[in-house]
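Right, one structure below, let's go through it.
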Amino acid sequence: MNYKMMGKFLSQILIVEAGFMVPALLISLYTGSRAAVYGFGLSILITAGVGALMYYFCRNSTRRFFAREGMVCVAGSWIAISFFGCLPFVFSREIPNFVDALFEIVSGFTTTGSSILGDVEALSPGIMYWRSFSHWLGGMGVLVFLLALSPNGERGKGYTMHLLRAESPGPNVNKLVPKMRTTARILYVIYMVLTFINFLFLLLGKMPVFDAVCTAFGTAGTGGFGIRNDSIAGYSPYIQNVCTVFMFLFGINFSCYYLLLVRHVKEVLKDQELRLYIIIFVVSILLITFNVRGLYGSWEETIRHAAFQVSSIMTTTGFASTDFDLWPGFSKALLLCLMFVGACAGSTAGGLKMGRLLLILKNLRRNIRRILSPQRVEVVRMNGNRIGEDVLNNTNTYLAAYGVILVGSFLLISIDGLSMTTNVSAVAACFNNIGPGFDVVGPTCNFSVYSWFSKLVLIFDMLAGRLEIFPMLVLFSRSTWRHK
Amino acid sequence: MKIIIAGDGKVGLTLTQKLSAAGHDLTLIDSNQRVLDSSVERYDVMGVQGNCASMRVLESADVKKADLLIAATSSDEVNLLCGMTAHGLNPRIHTIARIRNPEYGKQIFTMRDVYSLSLMVNPEKQAAREIERLIRYPGFLQRETFAKSRVEIVELRIQKGSKLCDVALMNLENVVKCKVLVCAVSRGGVVEIPSGHFILREGDHLFITATAEMLTQLLRNLGIITHKAKRVIICGGGRIGYYLSTWLAKEGVSVLLIEQDEARCEELSGKLPPEVCIIHGDASSQFLLESEGIHDCDAVVTMTGMDEMNMIISLYAQTCGVPQVITKVGHMENNSMQDSLGLGSVICPKELCCNTIVRYVRAMQNTTGAALTLHNIAEGQAEALEFVVDADTKHIGEPLRNIRLKRNILIACISHGSKTEIPNGDSMYEAGNSVIIVAKGGMTLLQLNDIFE
């Protein structure tokens, strides 16, 4: 293991994180909330200080960096940014309990959006901004950000591929252009521009600037931290519709946007994953609209709420425009299923991802055919390209690991004695990075009912869900740390 | 620059390594996904799986925006088609194709025009050329020519009891009685760009710059006999063996070629000049070598398909007292071992071919400022680069003793028009001159001004 190299990475990430806390500090200064200023000031000093110290000790590192280092580095840096990111909450005493603060920030960085706060509106603006900003940063990934910043001197090294693979979601991660740095920049530029457009649309709906910024961050990262206790429900129908559309857009694979930019429209239109995404989206809206008819005054309202909730759950955002916990059983079941499906690979969303689902289904179909005629030879293809057996194998392994963690965490948090619906939906909501579940953890409630132990389990779930399981498993696997 | 490499084999991989280290945007095309994956994992490059001659695959490698395409698949025909297709899709693109079938050798220039290729490389032919040069000028391990062949960099090993042992470089001229410059020394596998206080030891590999006439003088003064080889044994009748024996036979050298495969022997006997003696047999057999007179031949070249076999035959030839032994290796991975074995000259076709291509890329990158030619010396641990001095270059007209260069960099040669000078402290350069810089590997010298402190 190349500890020095990893330390250098980590130190750079911490310094970047400290830099990102500065706007929050300025907002706190502007609004004059003394506790928050103190919280951010101290956190910035500690984060930057630790980062600088680590950088000093690890400055002359070698470049020997392999898959193992990449995985551990990604998992380690996410834990580190979460640890340092929760310090402002603790120091400002707005979320005094450390586990609660950690839960909140992990929920932020992993773009989950589950909160332990009963009264969100009581937070000071600086803290609220930091909470929402963590969605934005976590959505595309901190390491990808670092790769975009990396100096041109870091030439010709393929190790960055391990970092991108570990941090961006999807079964088959590829670069858009030959250079990693350029790829990371393209991704971030698309991300920033889309976020900004979203922000403008929200402003047009007469949303206050601060609310619009935080909501845009929450939508872009498909996070879902609301800035009001009733999430988006209190805003105008126009704003709700803007959110629906942009949540949907942020659930699309970002390489589709790149392909559109370089005028490869045909490839985008023929993308099987995108097609499946749209089909599931439309069909779910129709089914729910039909199921909840009569609950709302008009068809317009019914469709709006159905579309909003489907978009929010499917892209694993977790905003709510209405209390969907009051919906009939079928709609709730459908939403629960959508939680597992998630949106497209290569987007900011969580869940299993459309691409992976497609692979699993195609592989399933192939294997059923093979049972019928054992001599049959067939390769799995996606968008006309052959998918390698190792990718399929990986996808199946992923599914297995996914199931094990899901069941394991469900069992562990059930110790607290809450209802089955609550526990299942809580694990599903955290593991798939959605946010609200049903029943006690429903859209109008929060996760504060759980014990600290369950919260730690859910923190692990959120991180595992965001990093696609393997980095977290690798971090806790014995063979990673054994000396070769 | 945006470069597409088609064919991720031995040459493709070496090129990927060299070109990605130089900071180019590389896209690899190969039909084998596994090979691509391992390259993408090791280097900052993109991989496209498929047939490199297909338009769809070339388009998905973004051929329309690429500056250069290097076709290095195992098949000549695919390489040609790939280059042609790429040119059709993007008329601006430069194409390099690897063509190795000797049957195309005669039509190579016509083919270049017909298929609008910018450069054709033939690793085997190049290797044969290199070996031929070594046989014609024995005494040196490696030779590289610069400045339109007026300057050479040669590699020389200090043998036990040589005059050069324990000589400080500043006294070198008194010992060898001619003007040469030691531009790099490899000691125990580590390369150093030496200063005047450096003391030479037995076993050092010296890289010496000198003009062609000085070299002959150097050899004579050092007591290294340079008599022309008259009898050469070539083990292995592959493509290199074919080229080499043709050329050597043309010069009146008596060539004995040993090949294991009978059919190939017959084929060669049909193609090679009748003076070449072709033996069907196992070159690793001591009996065969002895009966064919290994003890009184002037040079042995081993180039069978297996590196291990080549090394062992070379070692045996050395124990038999053959004055010059040249070994071909396919992979350069086990470099340090070769040196400890004392194999003498080692030739790696893959490496030679890649150097040619990298040189082309450098030349393409920028005609002013950037290096005209680039040679890797001491197994890539040092580089010799040729630059043209232009008006923007610093320190024009100042004596070299007043110019402070970065560490491990040395000006090895200055060419003023037709005159070539091995510089000393009083030398200076003018705009329009070309200079050769020797630098330790790993430094990125994009332009001449990069060498100054």
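Residue names in the structure tokens use chain letters A, B, ... in the order shown, residue numbers from 1 in each chain, and ligand numbers from 1 in the order shown.
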
Contact table chain B vs chain A, cut-off 12 Å, shortest pair per residue, only C-alpha atoms, as CSV:
residue,atom,partner,partner_atom,distance
B:Met1,CA,A:Pro178,CA,11.0
B:Lys2,CA,A:Pro178,CA,8.6
B:Ile3,CA,A:Pro178,CA,9.5
B:Ile4,CA,A:Pro178,CA,9.9
B:Ile5,CA,A:Pro178,CA,11.9
B:Leu15,CA,A:Gly156,CA,11.8
B:Thr16,CA,A:Gly156,CA,8.9
B:Gln17,CA,A:Gly156,CA,7.5
B:Lys18,CA,A:Gly156,CA,8.7
B:Leu19,CA,A:Gly156,CA,8.1
B:Ser20,CA,A:Gly156,CA,4.5
B:Ala21,CA,A:Gly156,CA,4.7
B:Ala22,CA,A:Arg155,CA,7.4
B:Gly23,CA,A:Arg155,CA,5.8
B:His24,CA,A:Gly156,CA,8.4
B:Asp25,CA,A:Pro178,CA,5.4
B:Leu26,CA,A:Pro178,CA,5.6
B:Thr27,CA,A:Pro178,CA,5.9
B:Leu28,CA,A:Pro178,CA,9.1
B:Ser31,CA,A:Arg386,CA,11.6
B:Asn32,CA,A:Gly388,CA,10.6
B:Gln33,CA,A:Gly388,CA,8.0
B:Arg34,CA,A:Gly388,CA,9.1
B:Asp37,CA,A:Asn174,CA,10.5
B:Ser38,CA,A:Gly158,CA,9.6
B:Ser39,CA,A:Gly158,CA,8.0
B:Val40,CA,A:Gly158,CA,6.2
B:Glu41,CA,A:Gly158,CA,5.1
B:Arg42,CA,A:Gly158,CA,4.3
B:Tyr43,CA,A:Gly158,CA,3.6
B:Asp44,CA,A:Gly158,CA,4.2
B:Val45,CA,A:Pro178,CA,4.7
B:Met46,CA,A:Pro178,CA,4.5
B:Gly47,CA,A:Pro178,CA,8.1
B:Val48,CA,A:Asn174,CA,10.2
B:Gln49,CA,A:Asn385,CA,9.1
B:Gly50,CA,A:Asn385,CA,9.6
B:Arg56,CA,A:Asn385,CA,11.8
B:Val57,CA,A:Asn385,CA,11.1
B:Glu59,CA,A:His264,CA,11.0
B:Ser60,CA,A:His264,CA,10.3
B:Ala61,CA,A:Val177,CA,9.3
B:Asp62,CA,A:Val177,CA,9.2
B:Lys64,CA,A:Val262,CA,11.9
B:Lys65,CA,A:Val262,CA,11.3
B:Ala66,CA,A:Pro178,CA,11.4
B:Gly442,CA,A:Arg155,CA,11.2
B:Met443,CA,A:Gly153,CA,11.2
B:Thr444,CA,A:Gly153,CA,9.9

Just list the residues in stretch 178-425 of chain A DSSP gives helix (DSSP H, G or I) on the backbone, as a VMD selection string. chain A and resid 180 to 204 209 to 220 237 to 250 254 to 261 265 to 269 272 to 291 299 to 314 324 to 326 329 to 341 354 to 372 389 to 416 420 to 425

If you measure from atom CA of A:Gly403 to atom CA of A:Gly329, what distance in Å do you get, rounded to one decimal?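 It comes out at 23.8 Å.
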
What is the atom CA of A:Gly126-atom CA of A:Glu17 distance in Å, reported with one decimal?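 Distance between the two atoms: 15.3 Å.
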
Which residues are close to B:Cys165, i.e. within 6 Å by only C-alpha atoms, leaving aside same-chain residues fewer than 6 positions away? Reply as a PyMOL selection string. chain B and resi 200-202

Take the residues just selected and output them with N, CA and C atoms as a compact mmCIF listing (two decimals), in the first residue's frame.
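The new file selection.txt reads:
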# COMPACT_ATOMS: atom_id res chain seq x y z
N LEU B 200 36.29 7.90 -14.62
CA LEU B 200 35.78 6.70 -15.27
C LEU B 200 36.30 5.45 -14.57
N ARG B 201 35.48 4.42 -14.53
CA ARG B 201 35.87 3.17 -13.89
C ARG B 201 35.63 2.01 -14.87
N GLU B 202 36.23 0.92 -14.53
CA GLU B 202 36.03 -0.28 -15.34
C GLU B 202 34.55 -0.69 -15.29

Straight-line distance linking atom CA of A:Ser331 with atom CA of A:Ile288, stated in Å to one decimal: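 Computing it gives 5.5 Å between the two atoms.
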
Which neighbours of B:Ser415 fall inside 10 Å, counting only C-alpha atoms, when residues of the same chain fewer than 6 positions from it are skipped, and could you give them as a ChimeraX atom specification? /B:147,150-151,388,421-423,429-430,432-436

Once you have the residues from the selection above, write them out as a PDB file, in the first residue's frame, restricted to C-alpha atoms.
ATOM      1  CA  ALA B 147      22.498  16.221 -37.680  1.00  0.00           C
ATOM      2  CA  ARG B 150      27.418  14.066 -39.329  1.00  0.00           C
ATOM      3  CA  VAL B 151      27.437  13.445 -35.604  1.00  0.00           C
ATOM      4  CA  VAL B 388      17.323  24.450 -33.798  1.00  0.00           C
ATOM      5  CA  GLU B 421      31.658  21.164 -33.438  1.00  0.00           C
ATOM      6  CA  ILE B 422      32.034  19.182 -30.254  1.00  0.00           C
ATOM      7  CA  PRO B 423      31.817  22.103 -27.852  1.00  0.00           C
ATOM      8  CA  TYR B 429      25.870  29.059 -30.731  1.00  0.00           C
ATOM      9  CA  GLU B 430      24.123  31.403 -33.140  1.00  0.00           C
ATOM     10  CA  GLY B 432      20.091  28.938 -37.120  1.00  0.00           C
ATOM     11  CA  ASN B 433      22.563  26.482 -35.606  1.00  0.00           C
ATOM     12  CA  SER B 434      21.357  23.128 -34.486  1.00  0.00           C
ATOM     13  CA  VAL B 435      22.427  21.856 -31.089  1.00  0.00           C
ATOM     14  CA  ILE B 436      22.232  18.416 -29.554  1.00  0.00           C
TER      15      ILE B 436
END
